[in-house]
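Reading through the structure tokens given below for one structure.
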There are 2 protein chains.
Amino acid sequence: MLDDRDRKLLTLLQRDAEASVTVLAERVALSVSACSRRIARLREAGYIARQVAILDRRAMRVPTTVFVMVRTTRHAADWLDAFRRALADIPEIVEVHRLTGHYDYVLKMVLPNVEHYDTVYKALVGRVELSDVSASISMETLKDDSALPTGFA
Amino acid sequence: MLDDRDRKLLTLLQRDAEASVTVLAERVALSVSACSRRIARLREAGYIARQVAILDRRAMRVPTTVFVMVRTTRHAADWLDAFRRALADIPEIVEVHRLTGHYDYVLKMVLPNVEHYDTVYKALVGRVELSDVSASISMETLKDDSALPTGFA
DNA sequence: TGTGAAACTATTCCGTT
DNA sequence: AACGGAATAGTTTCACA
């Protein structure tokens with residue numbers, strides 16, 4: 001489906017989507033028109049979902065990351081609805097997954113400081129019943145890629 | 001530092017950085033040139049770090065997410081160097097944080113399927129000594145925002 | 001800040017391999 | 001079926017009011 005040039009283009013675009021088609025064309029040894037067509041095709045075929053601006057965490061004054069592991073006793077539909085609505089309403093919660101294993105969910109939070117965790121915690125437990133909430137503060141980010149591996153497509 | 005228009009612009013750009021300045025200008029009730037200048041300023045001042053393409057997980061054939069909690073007995077500099085190098089070399093590992101609490105690190109992996117976890121696990125433990133590795137598979141993604149809250153800047 | 005012209009960038013068309 | 005070159009269309013930036 002994808003050849004090496006496509007994969008390389010995707011790798012480049014995942015790093016920097018502002019690069020001009022002229023520069024991208026050079027990097028994959030292709031003419032500007034052919035490169036433009038390939039990018040359009042990758043978008044059309046659904047490989048490229050969208051293009052977004054990545055903001056600076058420090059500049060936005062939300063340098064702190066906290067991971068929260070959560071268990072719940074209630075698994076009924078109404079509980080889940082309330083949970084989903086709470087997640088949608090709290091912008092500090094940027095990522096949530098339902099997991100296998102001891103805990104039911106992981107939440108990733110992006111906060112101005114560690115103290116602010118309490119605010120989000122209260123907002124959350126005020127809306128849904130939770131048991132066994134365990135927060136871990138990120139002391140250091142060793143890797144944070146928005147780029148997916150391109151080797152499998 | 002930032003006014004409502006800046007924050008709205010950042011919110012829009014975090015969702016879709018391809019929107020033309022003309023469209024963005026309309027959404028914040030500003031002329032095209034003024035809007036263009038504001039965006040340039042936000043970039044200049046370091047609020048906007050970069051612009052990237054977000055690829056589709058299904059299309060890229062890496063639909064599976066696994067979170068791995070890790071403990072280690074070795075905390076010396078040489079171990080950490082080896083760990084860092086391993087993380088840099090394994091593209092399936094997209095995010096790693098050093099944590100407070102029982103576990104030392106969380107790793108987020110992006111994989112073609114659950115079975116592939118074993119490959120990455122072996123690649124990792126083959127390079128660094130780890131104790132107490134606990135993998136949790138994401139059964140469902142309830143939220144996955146690349147957007148940061150804009151309310152704190 | 002807004003308007004309009006100039007500069008630049010990207011896309012489409014078309015002939016070719 | 002895909003490429004490269006040239007024309008077209010669109011977008012951003014600049015000078016100036």
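Labeling convention for the structure tokens: chains A, B, ... as they appear, residues from 1 per chain, ligands from 1 in order of appearance.
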Moved chain B, fitted on chain A by every C-alpha in sequence order, as a PDB file with C-alpha atoms, in the first residue's frame:
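Result saved to superposed_25.pdb:
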```pdb
ATOM      1  CA  MET B   1       0.027  -0.058   0.119  1.00  0.00           C
ATOM      2  CA  LEU B   2       2.674   2.509   1.114  1.00  0.00           C
ATOM      3  CA  ASP B   3       6.146   2.748  -0.353  1.00  0.00           C
ATOM      4  CA  ASP B   4       9.329   4.111   1.221  1.00  0.00           C
ATOM      5  CA  ARG B   5       8.643   7.615  -0.052  1.00  0.00           C
ATOM      6  CA  ASP B   6       5.165   7.638   1.491  1.00  0.00           C
ATOM      7  CA  ARG B   7       6.562   6.455   4.810  1.00  0.00           C
ATOM      8  CA  LYS B   8       9.317   9.050   4.728  1.00  0.00           C
ATOM      9  CA  LEU B   9       6.803  11.770   3.899  1.00  0.00           C
ATOM     10  CA  LEU B  10       4.631  10.699   6.824  1.00  0.00           C
ATOM     11  CA  THR B  11       7.651  10.709   9.122  1.00  0.00           C
ATOM     12  CA  LEU B  12       8.600  14.216   8.012  1.00  0.00           C
ATOM     13  CA  LEU B  13       5.032  15.514   8.301  1.00  0.00           C
ATOM     14  CA  GLN B  14       4.677  14.050  11.788  1.00  0.00           C
ATOM     15  CA  ARG B  15       7.723  16.049  12.823  1.00  0.00           C
ATOM     16  CA  ASP B  16       6.928  19.274  11.002  1.00  0.00           C
ATOM     17  CA  ALA B  17       3.797  19.827   8.990  1.00  0.00           C
ATOM     18  CA  GLU B  18       4.752  23.402   8.097  1.00  0.00           C
ATOM     19  CA  ALA B  19       7.546  22.425   5.753  1.00  0.00           C
ATOM     20  CA  SER B  20       6.775  23.594   2.231  1.00  0.00           C
ATOM     21  CA  VAL B  21       6.080  20.997  -0.429  1.00  0.00           C
ATOM     22  CA  THR B  22       9.255  22.206  -2.147  1.00  0.00           C
ATOM     23  CA  VAL B  23      11.394  21.186   0.836  1.00  0.00           C
ATOM     24  CA  LEU B  24       9.533  17.900   1.322  1.00  0.00           C
ATOM     25  CA  ALA B  25       9.922  17.121  -2.394  1.00  0.00           C
ATOM     26  CA  GLU B  26      13.687  17.537  -2.108  1.00  0.00           C
ATOM     27  CA  ARG B  27      13.870  15.266   0.943  1.00  0.00           C
ATOM     28  CA  VAL B  28      12.097  12.421  -0.867  1.00  0.00           C
ATOM     29  CA  ALA B  29      13.744  13.111  -4.250  1.00  0.00           C
ATOM     30  CA  LEU B  30      10.565  13.938  -6.094  1.00  0.00           C
ATOM     31  CA  SER B  31       9.202  16.879  -8.059  1.00  0.00           C
ATOM     32  CA  VAL B  32       7.020  19.408  -6.283  1.00  0.00           C
ATOM     33  CA  SER B  33       3.853  18.380  -8.115  1.00  0.00           C
ATOM     34  CA  ALA B  34       4.372  14.657  -7.599  1.00  0.00           C
ATOM     35  CA  CYS B  35       5.029  15.287  -3.909  1.00  0.00           C
ATOM     36  CA  SER B  36       1.936  17.458  -3.596  1.00  0.00           C
ATOM     37  CA  ARG B  37      -0.154  14.734  -5.211  1.00  0.00           C
ATOM     38  CA  ARG B  38       1.250  12.091  -2.877  1.00  0.00           C
ATOM     39  CA  ILE B  39       0.427  14.135   0.189  1.00  0.00           C
ATOM     40  CA  ALA B  40      -3.099  14.720  -1.130  1.00  0.00           C
ATOM     41  CA  ARG B  41      -3.407  10.965  -1.677  1.00  0.00           C
ATOM     42  CA  LEU B  42      -2.194  10.139   1.839  1.00  0.00           C
ATOM     43  CA  ARG B  43      -4.733  12.545   3.243  1.00  0.00           C
ATOM     44  CA  GLU B  44      -7.493  11.236   0.962  1.00  0.00           C
ATOM     45  CA  ALA B  45      -6.751   7.622   1.886  1.00  0.00           C
ATOM     46  CA  GLY B  46      -7.037   8.519   5.581  1.00  0.00           C
ATOM     47  CA  TYR B  47      -3.412   8.076   6.666  1.00  0.00           C
ATOM     48  CA  ILE B  48      -3.179  11.737   7.649  1.00  0.00           C
ATOM     49  CA  ALA B  49      -6.051  12.456  10.002  1.00  0.00           C
ATOM     50  CA  ARG B  50      -5.417  16.132  10.601  1.00  0.00           C
ATOM     51  CA  GLN B  51      -2.872  18.828  11.245  1.00  0.00           C
ATOM     52  CA  VAL B  52      -2.577  20.534  14.591  1.00  0.00           C
ATOM     53  CA  ALA B  53      -0.523  23.133  16.418  1.00  0.00           C
ATOM     54  CA  ILE B  54       1.488  21.813  19.361  1.00  0.00           C
ATOM     55  CA  LEU B  55       1.672  24.383  22.130  1.00  0.00           C
ATOM     56  CA  ASP B  56       4.521  24.841  24.561  1.00  0.00           C
ATOM     57  CA  ARG B  57       3.673  23.461  28.012  1.00  0.00           C
ATOM     58  CA  ARG B  58       5.793  25.999  29.883  1.00  0.00           C
ATOM     59  CA  ALA B  59       4.519  28.981  27.889  1.00  0.00           C
ATOM     60  CA  MET B  60       0.938  27.813  28.426  1.00  0.00           C
ATOM     61  CA  ARG B  61       1.705  27.537  32.149  1.00  0.00           C
ATOM     62  CA  VAL B  62       0.765  23.872  32.420  1.00  0.00           C
ATOM     63  CA  PRO B  63       4.179  22.240  32.930  1.00  0.00           C
ATOM     64  CA  THR B  64       2.997  19.525  35.321  1.00  0.00           C
ATOM     65  CA  THR B  65       1.865  16.061  34.225  1.00  0.00           C
ATOM     66  CA  VAL B  66       0.012  13.684  36.539  1.00  0.00           C
ATOM     67  CA  PHE B  67      -1.099  10.134  35.806  1.00  0.00           C
ATOM     68  CA  VAL B  68      -4.108   8.931  37.752  1.00  0.00           C
ATOM     69  CA  MET B  69      -5.072   5.280  38.055  1.00  0.00           C
ATOM     70  CA  VAL B  70      -8.670   4.714  38.974  1.00  0.00           C
ATOM     71  CA  ARG B  71     -10.918   1.862  40.079  1.00  0.00           C
ATOM     72  CA  THR B  72     -14.673   1.975  40.326  1.00  0.00           C
ATOM     73  CA  THR B  73     -17.353  -0.265  41.782  1.00  0.00           C
ATOM     74  CA  ARG B  74     -20.075   1.077  39.526  1.00  0.00           C
ATOM     75  CA  HIS B  75     -20.012  -0.074  35.906  1.00  0.00           C
ATOM     76  CA  ALA B  76     -23.578   0.666  34.841  1.00  0.00           C
ATOM     77  CA  ALA B  77     -24.486   2.784  31.829  1.00  0.00           C
ATOM     78  CA  ASP B  78     -25.513   5.864  33.839  1.00  0.00           C
ATOM     79  CA  TRP B  79     -22.207   5.917  35.687  1.00  0.00           C
ATOM     80  CA  LEU B  80     -20.308   5.672  32.402  1.00  0.00           C
ATOM     81  CA  ASP B  81     -22.334   8.509  30.879  1.00  0.00           C
ATOM     82  CA  ALA B  82     -21.561  10.740  33.845  1.00  0.00           C
ATOM     83  CA  PHE B  83     -17.886   9.761  33.653  1.00  0.00           C
ATOM     84  CA  ARG B  84     -17.703  10.557  29.943  1.00  0.00           C
ATOM     85  CA  ARG B  85     -19.376  13.912  30.457  1.00  0.00           C
ATOM     86  CA  ALA B  86     -16.998  14.769  33.290  1.00  0.00           C
ATOM     87  CA  LEU B  87     -13.993  13.895  31.131  1.00  0.00           C
ATOM     88  CA  ALA B  88     -15.302  16.030  28.272  1.00  0.00           C
ATOM     89  CA  ASP B  89     -15.855  18.984  30.619  1.00  0.00           C
ATOM     90  CA  ILE B  90     -12.455  18.976  32.347  1.00  0.00           C
ATOM     91  CA  PRO B  91      -9.812  20.277  29.915  1.00  0.00           C
ATOM     92  CA  GLU B  92      -6.934  19.399  32.262  1.00  0.00           C
ATOM     93  CA  ILE B  93      -7.719  15.733  31.571  1.00  0.00           C
ATOM     94  CA  VAL B  94      -6.143  15.179  28.186  1.00  0.00           C
ATOM     95  CA  GLU B  95      -6.133  11.408  27.853  1.00  0.00           C
ATOM     96  CA  VAL B  96      -8.197   8.553  29.306  1.00  0.00           C
ATOM     97  CA  HIS B  97      -8.062   4.823  28.610  1.00  0.00           C
ATOM     98  CA  ARG B  98     -10.030   1.895  29.968  1.00  0.00           C
ATOM     99  CA  LEU B  99      -7.486  -0.723  30.948  1.00  0.00           C
ATOM    100  CA  THR B 100      -7.032  -4.384  31.640  1.00  0.00           C
ATOM    101  CA  GLY B 101      -5.524  -5.253  35.012  1.00  0.00           C
ATOM    102  CA  HIS B 102      -5.977  -4.028  38.548  1.00  0.00           C
ATOM    103  CA  TYR B 103      -7.095  -0.494  37.688  1.00  0.00           C
ATOM    104  CA  ASP B 104     -10.055   0.305  35.460  1.00  0.00           C
ATOM    105  CA  TYR B 105      -8.840   3.585  33.933  1.00  0.00           C
ATOM    106  CA  VAL B 106      -5.714   5.710  33.451  1.00  0.00           C
ATOM    107  CA  LEU B 107      -6.108   9.447  33.236  1.00  0.00           C
ATOM    108  CA  LYS B 108      -3.411  11.802  32.057  1.00  0.00           C
ATOM    109  CA  MET B 109      -3.693  15.330  33.396  1.00  0.00           C
ATOM    110  CA  VAL B 110      -1.904  18.492  32.347  1.00  0.00           C
ATOM    111  CA  LEU B 111      -1.749  21.037  35.171  1.00  0.00           C
ATOM    112  CA  PRO B 112      -0.272  24.417  36.138  1.00  0.00           C
ATOM    113  CA  ASN B 113       1.300  22.812  39.246  1.00  0.00           C
ATOM    114  CA  VAL B 114       1.001  19.818  41.550  1.00  0.00           C
ATOM    115  CA  GLU B 115      -1.344  21.659  43.921  1.00  0.00           C
ATOM    116  CA  HIS B 116      -3.867  22.093  41.145  1.00  0.00           C
ATOM    117  CA  TYR B 117      -4.336  18.304  41.057  1.00  0.00           C
ATOM    118  CA  ASP B 118      -6.579  18.651  44.086  1.00  0.00           C
ATOM    119  CA  THR B 119      -8.951  20.937  42.174  1.00  0.00           C
ATOM    120  CA  VAL B 120      -9.310  18.475  39.321  1.00  0.00           C
ATOM    121  CA  TYR B 121      -9.580  15.550  41.737  1.00  0.00           C
ATOM    122  CA  LYS B 122     -12.463  17.243  43.546  1.00  0.00           C
ATOM    123  CA  ALA B 123     -14.170  18.187  40.282  1.00  0.00           C
ATOM    124  CA  LEU B 124     -13.984  14.551  39.224  1.00  0.00           C
ATOM    125  CA  VAL B 125     -15.029  12.766  42.428  1.00  0.00           C
ATOM    126  CA  GLY B 126     -17.788  15.351  42.810  1.00  0.00           C
ATOM    127  CA  ARG B 127     -19.334  14.028  39.608  1.00  0.00           C
ATOM    128  CA  VAL B 128     -18.653  10.286  39.622  1.00  0.00           C
ATOM    129  CA  GLU B 129     -18.204   7.639  42.286  1.00  0.00           C
ATOM    130  CA  LEU B 130     -14.630   6.351  42.277  1.00  0.00           C
ATOM    131  CA  SER B 131     -12.809   3.880  44.499  1.00  0.00           C
ATOM    132  CA  ASP B 132      -9.030   3.542  44.766  1.00  0.00           C
ATOM    133  CA  VAL B 133      -7.695   6.665  43.087  1.00  0.00           C
ATOM    134  CA  SER B 134      -3.907   6.660  42.820  1.00  0.00           C
ATOM    135  CA  ALA B 135      -2.066   9.704  41.455  1.00  0.00           C
ATOM    136  CA  SER B 136       1.546   9.616  40.234  1.00  0.00           C
ATOM    137  CA  ILE B 137       3.329  12.840  39.407  1.00  0.00           C
ATOM    138  CA  SER B 138       5.630  12.935  36.398  1.00  0.00           C
ATOM    139  CA  MET B 139       9.034  14.082  37.638  1.00  0.00           C
ATOM    140  CA  GLU B 140      10.609  13.949  34.212  1.00  0.00           C
ATOM    141  CA  THR B 141       9.482  13.319  30.655  1.00  0.00           C
ATOM    142  CA  LEU B 142      11.954  11.010  28.921  1.00  0.00           C
ATOM    143  CA  LYS B 143      10.026  10.720  25.677  1.00  0.00           C
ATOM    144  CA  ASP B 144       6.904  12.345  24.305  1.00  0.00           C
ATOM    145  CA  ASP B 145       6.418  11.656  20.615  1.00  0.00           C
ATOM    146  CA  SER B 146       3.328  12.666  18.735  1.00  0.00           C
ATOM    147  CA  ALA B 147       4.776  10.567  15.910  1.00  0.00           C
ATOM    148  CA  LEU B 148       3.577   7.008  15.314  1.00  0.00           C
ATOM    149  CA  PRO B 149       5.875   4.298  13.971  1.00  0.00           C
ATOM    150  CA  THR B 150       5.515   4.184  10.188  1.00  0.00           C
ATOM    151  CA  GLY B 151       6.981   0.735   9.756  1.00  0.00           C
ATOM    152  CA  PHE B 152       3.710  -1.224   9.970  1.00  0.00           C
ATOM    153  CA  ALA B 153       1.711   0.424   7.160  1.00  0.00           C
TER     154      ALA B 153
END
```
**OP:** Can you pull out every residue within 9 Å of DG10 in chain D, counting only C-alpha atoms (C1' of nucleotides), but drop anything in the same chain fewer than 6 positions away, and send it as number ranges by chain?
**Re:** C: 9-11
Please produce a file of those selected residues containing C-alpha atoms (C1' of nucleotides), as an mmCIF file, in the first residue's frame.
```cif
data_model
loop_
_atom_site.group_PDB
_atom_site.id
_atom_site.type_symbol
_atom_site.label_atom_id
_atom_site.label_comp_id
_atom_site.auth_asym_id
_atom_site.auth_seq_id
_atom_site.Cartn_x
_atom_site.Cartn_y
_atom_site.Cartn_z
ATOM 1 C "C1'" DT C 9 3.186 28.673 -2.159
ATOM 2 C "C1'" DA C 10 0.432 25.006 -3.639
ATOM 3 C "C1'" DT C 11 -2.437 22.628 -6.922
#
```
Subject >> Contact residues around DA7 in chain C with only C-alpha atoms (C1' of nucleotides) at 12 Å, ignoring same-chain residues under 2 positions, as number ranges by chain >> reply: C: 5, 9; D: 11-14
Subject >> Contact residues around DA7 in chain D with only C-alpha atoms (C1' of nucleotides) at 12 Å, ignoring same-chain residues under 6 positions, as an MDAnalysis selection string >> reply: chainID C and resid 11:14
Using N, CA, C and O atoms (P, O5', C5', C4', C3', O3' and C1' of nucleotides), can you write the selected residues to a file as an mmCIF file, in the first residue's frame?
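Wrote it out as again_23.cif, contents follow:
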```cif
data_model
loop_
_atom_site.group_PDB
_atom_site.id
_atom_site.type_symbol
_atom_site.label_atom_id
_atom_site.label_comp_id
_atom_site.auth_asym_id
_atom_site.auth_seq_id
_atom_site.Cartn_x
_atom_site.Cartn_y
_atom_site.Cartn_z
ATOM 1 P P DT C 11 -1.485 21.580 -1.913
ATOM 2 O "O5'" DT C 11 -2.272 21.587 -3.296
ATOM 3 C "C5'" DT C 11 -3.340 22.518 -3.478
ATOM 4 C "C4'" DT C 11 -3.670 22.632 -4.950
ATOM 5 C "C3'" DT C 11 -3.951 21.304 -5.660
ATOM 6 O "O3'" DT C 11 -5.222 21.409 -6.267
ATOM 7 C "C1'" DT C 11 -2.437 22.628 -6.922
ATOM 8 P P DT C 12 -6.019 20.108 -6.786
ATOM 9 O "O5'" DT C 12 -5.990 20.356 -8.369
ATOM 10 C "C5'" DT C 12 -6.402 21.628 -8.865
ATOM 11 C "C4'" DT C 12 -5.947 21.789 -10.304
ATOM 12 C "C3'" DT C 12 -6.221 20.571 -11.189
ATOM 13 O "O3'" DT C 12 -6.927 21.012 -12.343
ATOM 14 C "C1'" DT C 12 -3.975 21.292 -11.417
ATOM 15 P P DC C 13 -7.636 19.997 -13.350
ATOM 16 O "O5'" DC C 13 -6.824 20.226 -14.707
ATOM 17 C "C5'" DC C 13 -6.508 21.565 -15.123
ATOM 18 C "C4'" DC C 13 -5.380 21.532 -16.130
ATOM 19 C "C3'" DC C 13 -5.485 20.427 -17.180
ATOM 20 O "O3'" DC C 13 -5.370 21.008 -18.477
ATOM 21 C "C1'" DC C 13 -3.332 20.432 -16.183
ATOM 22 P P DC C 14 -5.806 20.212 -19.760
ATOM 23 O "O5'" DC C 14 -4.386 19.796 -20.376
ATOM 24 C "C5'" DC C 14 -3.350 20.777 -20.496
ATOM 25 C "C4'" DC C 14 -2.042 20.093 -20.790
ATOM 26 C "C3'" DC C 14 -2.157 18.868 -21.706
ATOM 27 O "O3'" DC C 14 -1.199 18.978 -22.734
ATOM 28 C "C1'" DC C 14 -0.901 18.330 -19.804
#
```
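One finds C1' of DG15 in chain C at 14.8 Å from C1' of DA1 in chain D.
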**OP:** Please report, as number ranges by chain, each residue of range 36-118 of chain B to which DSSP assigns strand (DSSP E) when run on this structure's backbone.
**Re:** B: 48-55, 64-71, 93-99, 105-111
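Here is the contact set of chain C against chain B, at 12 Å and counting only C-alpha atoms (C1' of nucleotides): DT1, DG2, DT3 and DG4 of chain C.
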**OP:** Enumerate as number ranges by chain all residues of chain B assigned to helix (DSSP H, G or I) by DSSP on the backbone, naming them with the chain letters and numbers the document uses.
**Re:** B: 4-15, 21-27, 32-44, 77-89, 116-125
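All of the residues in chain D within 10 Å of chain A are DA2, DC3, DG4 and DG5 of chain D, where only C-alpha atoms (C1' of nucleotides) were counted.
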